[in-house]
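What follows is one structure encoded as structure tokens, with my remarks underneath.
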Amino acid sequence: MVIVSTPGLDRRRFLQLLGGAAGALAVPPAFAVPTAEPEPFTFLFITDTHTEYELDAAHGTRMAFAHARTIPADFAIQGGDHVFDALGVSPARATKLFDLYGKTEQDLGLKLYHTLGNHDCFGVYVHSGIGPADPRYGKKMFEALFGPTYYSFDHKGHHFVVLDSIGFTPERRYRAEIDSVQLAWLAHDLASQPLGTPIIVAIHIPLTHSRHPDLKPTDPLAHEIHGFINGPETMRLLEGYNVLGVLQGHVHINKEVVVNGIRYLTCGAVCGNWWHGPRFDTPEGFTVVTVANGKLSTRYETYGFHTIDPEPS
């Protein structure tokens with residue numbers, strides 16, 4: 001079974017889930033291997049919407065989804081950070097943000113697969129006033145809304161893997177990691193595919209990315225692997241398979257790096273520089289991905305948003 005979000009969130013169901021004890025879901029099993037021959041298709045990678053009530057962000061998100069709807073595509077993958085921000089806010093604020101995101105998502109009109117972002121995790125920061133025992137804490141609110149935080153699915157002879165790149169520290173901060181249970185699941189899922197199956201991976205925090213020349217050394221995004229706890233281990237696990245590309249978010253810039261034959265494509269954000277204009281040379285937008293003849297190609301689509309509060313990147 002693949003858990004897929006339909007466009008838009010049912011508010012009544014949403015509130016019921018948040019009010020109940022929406023505990024952590026079981027680790028999803030490896031999904032059925034593809035039986036179809038690979039066919040060409042197009043999908044959208046729409047990441048870092050950071051939907052909020054401020055900065056005209058809801059209008060910007062609607063603009064992005066409305067533009068995305070005009071592009072022929074089989075489905076879309078949301079690359080994480082749906083809202084800004086659930087980490088350090090009250091239950092009421094987080095509920096309102098996800099509800100707002102759900103309403104704007106209706107403009108997309110496509111089957112949508114969701115990736116967990118760090119800002120989608122609820123109550124992790126101490127100043128949120130939420131304790132770890134809260135049934136909505138951490139990733140549980142996201143799971144109640146969208147399903148498992150990592151999973152795989154098949155489409156037209158291609159195998160997709162969506163990973164959870166978020167871990168938490170004892171000090172209640174987030175960090176980039178693939179935990180041991182997920183890593184074992186990933187190894188099993190990859191090994192279950194027929195030899196040569198084309199594979200596409202989606203993840204929020206980049207496993208690796210090229211440093212942007214304008215980043216200051218003190219900027220946390222300047223680090224080559226963004227402090228990923230076991231990024232190299234995860235990357236080695238992908239080697240030896242027919243991985244067409246790894247689509248990544250979080251950094252809000254368009255950059256590509258190739259490591260041992262695998263393309264790691266960090267993609268620009270719907271919100272640009274957190275709704276303050278372009279992030280360096282990457283304006284607000286999303287990525288159109290075309291898969292054909294064993295290759296993956298991308299183009300970046302902007303959608304005409306103009307910030308109401310410009311500031312330097």
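In the structure tokens, chains take letters A, B, ... by order of appearance, with residues numbered from 1 within each chain and ligands from 1 in the order shown.
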
Exercise. Find the residues around A:Arg62 up to 10 Å (only C-alpha atoms counted), leave out those fewer than 3 positions away in its own chain, and share them as an MDAnalysis selection string.
Key: chainID A and resid 49 51 57:59 65:68 101 103:108

Residues just named, written with N, CA and C atoms as a short mmCIF file (atom, residue, chain, number, x, y, z; two decimals), in the first residue's frame:
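Once everything was written out, this is again.cif:
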data_model
loop_
_atom_site.label_atom_id
_atom_site.label_comp_id
_atom_site.auth_asym_id
_atom_site.auth_seq_id
_atom_site.Cartn_x
_atom_site.Cartn_y
_atom_site.Cartn_z
N THR A 49 7.61 25.34 0.37
CA THR A 49 6.55 26.33 0.24
C THR A 49 6.56 27.29 1.42
N THR A 51 4.52 27.90 3.75
CA THR A 51 3.26 28.64 3.80
C THR A 51 3.03 29.23 5.19
N ALA A 57 2.51 35.10 1.90
CA ALA A 57 2.99 33.76 1.55
C ALA A 57 1.87 32.86 1.04
N ALA A 58 0.67 32.96 1.63
CA ALA A 58 -0.42 32.11 1.17
C ALA A 58 -0.78 32.43 -0.28
N HIS A 59 -0.77 33.71 -0.62
CA HIS A 59 -1.02 34.12 -2.00
C HIS A 59 0.08 33.60 -2.92
N PHE A 65 1.06 27.01 -7.11
CA PHE A 65 0.28 25.82 -7.41
C PHE A 65 -0.60 26.03 -8.65
N ALA A 66 -1.15 27.24 -8.78
CA ALA A 66 -1.97 27.51 -9.96
C ALA A 66 -1.13 27.44 -11.23
N HIS A 67 0.11 27.95 -11.18
CA HIS A 67 0.99 27.85 -12.35
C HIS A 67 1.39 26.41 -12.60
N ALA A 68 1.68 25.67 -11.54
CA ALA A 68 2.06 24.26 -11.69
C ALA A 68 0.95 23.46 -12.36
N TYR A 101 -2.09 25.58 4.53
CA TYR A 101 -1.39 24.87 3.46
C TYR A 101 -2.36 23.95 2.71
N LYS A 103 -5.53 24.21 2.25
CA LYS A 103 -6.43 24.96 1.38
C LYS A 103 -5.71 25.41 0.11
N THR A 104 -4.46 25.84 0.23
CA THR A 104 -3.74 26.28 -0.96
C THR A 104 -3.37 25.10 -1.85
N GLU A 105 -3.15 23.95 -1.25
CA GLU A 105 -2.78 22.76 -2.03
C GLU A 105 -3.87 22.37 -3.02
N GLN A 106 -5.10 22.72 -2.72
CA GLN A 106 -6.20 22.37 -3.61
C GLN A 106 -6.02 22.95 -5.01
N ASP A 107 -5.25 24.04 -5.11
CA ASP A 107 -5.04 24.67 -6.41
C ASP A 107 -4.14 23.83 -7.32
N LEU A 108 -3.44 22.86 -6.76
CA LEU A 108 -2.52 22.07 -7.56
C LEU A 108 -3.26 21.08 -8.46
#

Quiz prompt | Test item, strand (DSSP E) assignment across stretch 42-291 of chain A, answer as a PyMOL selection string | solution = chain A and resi 42-46+76-78+112-114+151-155+158-162+166-168+174-176+199-203+243-248+255-259+262-266+285-291

Could you save those same residues with C-alpha atoms as a CSV table (one decimal), in the first residue's frame?
chain,number,residue,atom,x,y,z
A,42,THR,CA,6.9,14.3,-16.4
A,43,PHE,CA,6.4,15.2,-12.7
A,44,LEU,CA,6.9,18.2,-10.5
A,45,PHE,CA,9.2,18.7,-7.6
A,46,ILE,CA,7.7,21.5,-5.5
A,76,ALA,CA,4.0,16.1,-7.9
A,77,ILE,CA,6.3,15.5,-5.0
A,78,GLN,CA,6.3,18.1,-2.3
A,112,LEU,CA,0.8,14.7,-4.5
A,113,TYR,CA,3.5,12.8,-2.6
A,114,HIS,CA,4.8,14.4,0.6
A,151,TYR,CA,8.1,5.2,1.8
A,152,SER,CA,8.5,4.1,-1.9
A,153,PHE,CA,6.2,3.8,-4.9
A,154,ASP,CA,6.4,2.8,-8.5
A,155,HIS,CA,5.3,4.8,-11.6
A,158,HIS,CA,10.4,3.6,-12.3
A,159,HIS,CA,10.9,3.2,-8.6
A,160,PHE,CA,10.6,6.3,-6.3
A,161,VAL,CA,12.0,6.5,-2.8
A,162,VAL,CA,11.0,9.3,-0.5
A,166,ILE,CA,15.1,14.7,10.0
A,167,GLY,CA,16.5,13.6,13.4
A,168,PHE,CA,16.3,15.3,16.8
A,174,TYR,CA,16.7,19.1,14.6
A,175,ARG,CA,19.6,17.6,12.7
A,176,ALA,CA,20.1,15.8,9.3
A,199,ILE,CA,15.3,4.8,-9.3
A,200,ILE,CA,14.6,8.4,-8.3
A,201,VAL,CA,15.1,9.6,-4.7
A,202,ALA,CA,13.4,12.5,-3.0
A,203,ILE,CA,14.7,14.0,0.3
A,243,VAL,CA,19.7,5.9,-9.6
A,244,LEU,CA,18.7,8.6,-12.1
A,245,GLY,CA,18.8,11.4,-9.6
A,246,VAL,CA,18.4,12.5,-6.0
A,247,LEU,CA,16.0,15.5,-5.7
A,248,GLN,CA,16.7,17.7,-2.6
A,255,LYS,CA,22.7,23.5,-7.7
A,256,GLU,CA,23.8,20.1,-8.9
A,257,VAL,CA,26.7,17.9,-7.9
A,258,VAL,CA,27.6,14.4,-9.2
A,259,VAL,CA,29.1,11.9,-6.8
A,262,ILE,CA,24.8,9.8,-9.1
A,263,ARG,CA,23.3,13.3,-9.7
A,264,TYR,CA,22.3,15.2,-6.6
A,265,LEU,CA,20.0,18.0,-7.6
A,266,THR,CA,19.3,20.7,-4.9
A,285,GLY,CA,9.8,28.6,-8.3
A,286,PHE,CA,9.6,24.9,-8.6
A,287,THR,CA,11.3,22.1,-10.7
A,288,VAL,CA,9.8,20.3,-13.7
A,289,VAL,CA,11.3,16.8,-14.1
A,290,THR,CA,11.1,14.8,-17.3
A,291,VAL,CA,12.1,11.2,-17.3

Quiz item: So how many Å separate atom CA of A:Gly261 and atom CA of A:Asn242, to one decimal?
Solution: 9.7 Å

Self-check item: Nearest-residue call for A:Ser180, choices A:Gly88, A:Thr234, A:Leu195, A:Gly129, using only C-alpha atoms
Solution: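 Among the listed residues, A:Thr234 lies closest to A:Ser180.
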
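Using only C-alpha atoms, the nearest neighbour of A:Pro310 within the list A:Gly109, A:Gly294, A:Gly79, A:Gly272 is A:Gly272.
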
Self-check item: Members of stretch 94-246 of chain A assigned helix (DSSP H, G or I) by DSSP, as a ChimeraX atom specification
Solution: /A:94-105,118-120,126-128,140-146,180-191,220-222,231-238

Next, the residues of the selection above should be written as a compact mmCIF listing (two decimals), in the first residue's frame with N, CA and C atoms.
# COMPACT_ATOMS: atom_id res chain seq x y z
N ALA A 94 0.18 25.83 14.82
CA ALA A 94 0.55 24.76 13.89
C ALA A 94 -0.67 24.25 13.13
N THR A 95 -1.78 24.09 13.82
CA THR A 95 -3.01 23.63 13.19
C THR A 95 -3.46 24.60 12.11
N LYS A 96 -3.41 25.90 12.41
CA LYS A 96 -3.81 26.91 11.44
C LYS A 96 -2.89 26.90 10.22
N LEU A 97 -1.59 26.71 10.45
CA LEU A 97 -0.65 26.71 9.33
C LEU A 97 -0.89 25.53 8.39
N PHE A 98 -1.04 24.34 8.96
CA PHE A 98 -1.27 23.17 8.11
C PHE A 98 -2.64 23.25 7.43
N ASP A 99 -3.61 23.83 8.10
CA ASP A 99 -4.91 24.02 7.49
C ASP A 99 -4.81 24.99 6.31
N LEU A 100 -4.04 26.06 6.49
CA LEU A 100 -3.82 27.03 5.41
C LEU A 100 -3.12 26.36 4.24
N TYR A 101 -2.09 25.58 4.53
CA TYR A 101 -1.39 24.87 3.46
C TYR A 101 -2.36 23.95 2.71
N GLY A 102 -3.20 23.23 3.46
CA GLY A 102 -4.14 22.32 2.83
C GLY A 102 -5.09 23.01 1.88
N LYS A 103 -5.53 24.21 2.25
CA LYS A 103 -6.43 24.96 1.38
C LYS A 103 -5.71 25.41 0.11
N THR A 104 -4.46 25.84 0.23
CA THR A 104 -3.74 26.28 -0.96
C THR A 104 -3.37 25.10 -1.85
N GLU A 105 -3.15 23.95 -1.25
CA GLU A 105 -2.78 22.76 -2.03
C GLU A 105 -3.87 22.37 -3.02
N ASN A 118 12.15 19.79 7.96
CA ASN A 118 12.41 20.11 9.36
C ASN A 118 11.34 21.04 9.94
N HIS A 119 10.87 22.00 9.15
CA HIS A 119 9.88 22.96 9.65
C HIS A 119 8.49 22.35 9.76
N ASP A 120 8.31 21.12 9.26
CA ASP A 120 7.03 20.42 9.38
C ASP A 120 6.91 19.65 10.70
N VAL A 126 11.98 23.81 22.60
CA VAL A 126 11.48 23.90 23.97
C VAL A 126 10.50 25.05 24.13
N HIS A 127 10.77 26.17 23.47
CA HIS A 127 9.91 27.33 23.65
C HIS A 127 8.51 27.15 23.07
N SER A 128 8.25 26.02 22.38
CA SER A 128 6.89 25.73 21.91
C SER A 128 5.94 25.45 23.07
N LYS A 140 4.71 13.32 14.48
CA LYS A 140 3.39 12.67 14.57
C LYS A 140 2.28 13.50 13.93
N MET A 141 2.37 14.82 14.03
CA MET A 141 1.37 15.66 13.37
C MET A 141 1.45 15.48 11.86
N PHE A 142 2.67 15.46 11.33
CA PHE A 142 2.87 15.24 9.90
C PHE A 142 2.31 13.88 9.48
N GLU A 143 2.60 12.85 10.26
CA GLU A 143 2.12 11.51 9.93
C GLU A 143 0.60 11.44 9.92
N ALA A 144 -0.02 12.14 10.87
CA ALA A 144 -1.47 12.15 10.92
C ALA A 144 -2.08 12.78 9.68
N LEU A 145 -1.39 13.75 9.12
CA LEU A 145 -1.88 14.47 7.95
C LEU A 145 -1.54 13.79 6.64
N PHE A 146 -0.30 13.31 6.52
CA PHE A 146 0.22 12.90 5.22
C PHE A 146 0.62 11.43 5.13
N SER A 180 18.84 4.38 11.85
CA SER A 180 19.27 3.01 11.50
C SER A 180 18.11 2.16 11.00
N VAL A 181 16.92 2.36 11.54
CA VAL A 181 15.76 1.58 11.09
C VAL A 181 15.42 1.93 9.64
N GLN A 182 15.41 3.23 9.34
CA GLN A 182 15.13 3.65 7.97
C GLN A 182 16.23 3.20 7.01
N LEU A 183 17.47 3.25 7.46
CA LEU A 183 18.58 2.83 6.61
C LEU A 183 18.45 1.35 6.25
N ALA A 184 18.05 0.53 7.23
CA ALA A 184 17.84 -0.90 6.96
C ALA A 184 16.68 -1.09 5.99
N TRP A 185 15.62 -0.31 6.19
CA TRP A 185 14.48 -0.38 5.26
C TRP A 185 14.92 0.00 3.85
N LEU A 186 15.73 1.05 3.73
CA LEU A 186 16.19 1.50 2.42
C LEU A 186 17.01 0.42 1.73
N ALA A 187 17.90 -0.20 2.48
CA ALA A 187 18.73 -1.27 1.91
C ALA A 187 17.86 -2.40 1.37
N HIS A 188 16.83 -2.77 2.13
CA HIS A 188 15.92 -3.84 1.71
C HIS A 188 15.09 -3.41 0.51
N ASP A 189 14.61 -2.17 0.52
CA ASP A 189 13.78 -1.68 -0.57
C ASP A 189 14.56 -1.65 -1.88
N LEU A 190 15.80 -1.15 -1.84
CA LEU A 190 16.61 -1.10 -3.05
C LEU A 190 16.94 -2.49 -3.56
N ALA A 191 17.28 -3.38 -2.63
CA ALA A 191 17.66 -4.74 -3.03
C ALA A 191 16.47 -5.52 -3.59
N PRO A 220 25.33 28.28 7.95
CA PRO A 220 25.27 26.81 8.09
C PRO A 220 25.10 26.09 6.77
N LEU A 221 24.55 26.79 5.75
CA LEU A 221 24.37 26.15 4.46
C LEU A 221 25.69 26.04 3.69
N ALA A 222 26.76 26.62 4.21
CA ALA A 222 28.04 26.57 3.52
C ALA A 222 28.70 25.20 3.62
N GLY A 231 25.21 11.02 5.99
CA GLY A 231 25.03 11.26 4.56
C GLY A 231 25.91 10.37 3.70
N PRO A 232 27.22 10.30 3.95
CA PRO A 232 28.07 9.44 3.13
C PRO A 232 27.64 7.97 3.15
N GLU A 233 27.21 7.48 4.30
CA GLU A 233 26.76 6.08 4.39
C GLU A 233 25.52 5.87 3.52
N THR A 234 24.60 6.81 3.57
CA THR A 234 23.39 6.70 2.75
C THR A 234 23.73 6.78 1.27
N MET A 235 24.65 7.68 0.91
CA MET A 235 25.05 7.81 -0.48
C MET A 235 25.72 6.54 -0.99
N ARG A 236 26.54 5.91 -0.16
CA ARG A 236 27.18 4.65 -0.58
C ARG A 236 26.15 3.56 -0.82
N LEU A 237 25.07 3.60 -0.04
CA LEU A 237 24.02 2.60 -0.19
C LEU A 237 23.32 2.73 -1.55
N LEU A 238 23.24 3.96 -2.07
CA LEU A 238 22.60 4.18 -3.36
C LEU A 238 23.48 3.74 -4.53

Quiz item: Counting only C-alpha atoms, what is within 6 Å of stretch 80-87 of chain A, bar same-chain residues fewer than 3 positions away, as a ChimeraX atom specification?
Solution: /A:47-52,94,115-117,119-125,204

Could you save the residues just selected, with C-alpha atoms, as an mmCIF file, in the first residue's frame?
data_model
loop_
_atom_site.group_PDB
_atom_site.id
_atom_site.type_symbol
_atom_site.label_atom_id
_atom_site.label_comp_id
_atom_site.auth_asym_id
_atom_site.auth_seq_id
_atom_site.Cartn_x
_atom_site.Cartn_y
_atom_site.Cartn_z
ATOM 1 C CA THR A 47 9.688 22.158 -2.351
ATOM 2 C CA ASP A 48 9.907 24.616 0.548
ATOM 3 C CA THR A 49 6.547 26.333 0.237
ATOM 4 C CA HIS A 50 6.916 27.653 3.812
ATOM 5 C CA THR A 51 3.264 28.638 3.799
ATOM 6 C CA GLU A 52 2.369 31.179 6.475
ATOM 7 C CA ALA A 94 0.551 24.763 13.887
ATOM 8 C CA THR A 115 8.350 14.672 1.993
ATOM 9 C CA LEU A 116 8.985 15.582 5.627
ATOM 10 C CA GLY A 117 10.855 18.850 6.160
ATOM 11 C CA HIS A 119 9.879 22.955 9.648
ATOM 12 C CA ASP A 120 7.033 20.417 9.385
ATOM 13 C CA CYS A 121 7.957 18.866 12.753
ATOM 14 C CA PHE A 122 5.772 20.049 15.616
ATOM 15 C CA GLY A 123 6.770 21.319 19.035
ATOM 16 C CA VAL A 124 10.404 20.226 18.917
ATOM 17 C CA TYR A 125 11.830 23.497 20.216
ATOM 18 C CA HIS A 204 14.465 17.312 2.093
#

Quiz item: At what distance in Å, to one decimal, does atom CA of A:Glu284 lie from atom CA of A:Gly304?
Solution: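 Distance reported for this atom pair: 7.9 Å.
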
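Taking atom CA of A:Pro40 as the reference point, atom CA of A:Pro194 is found at 18.6 Å.
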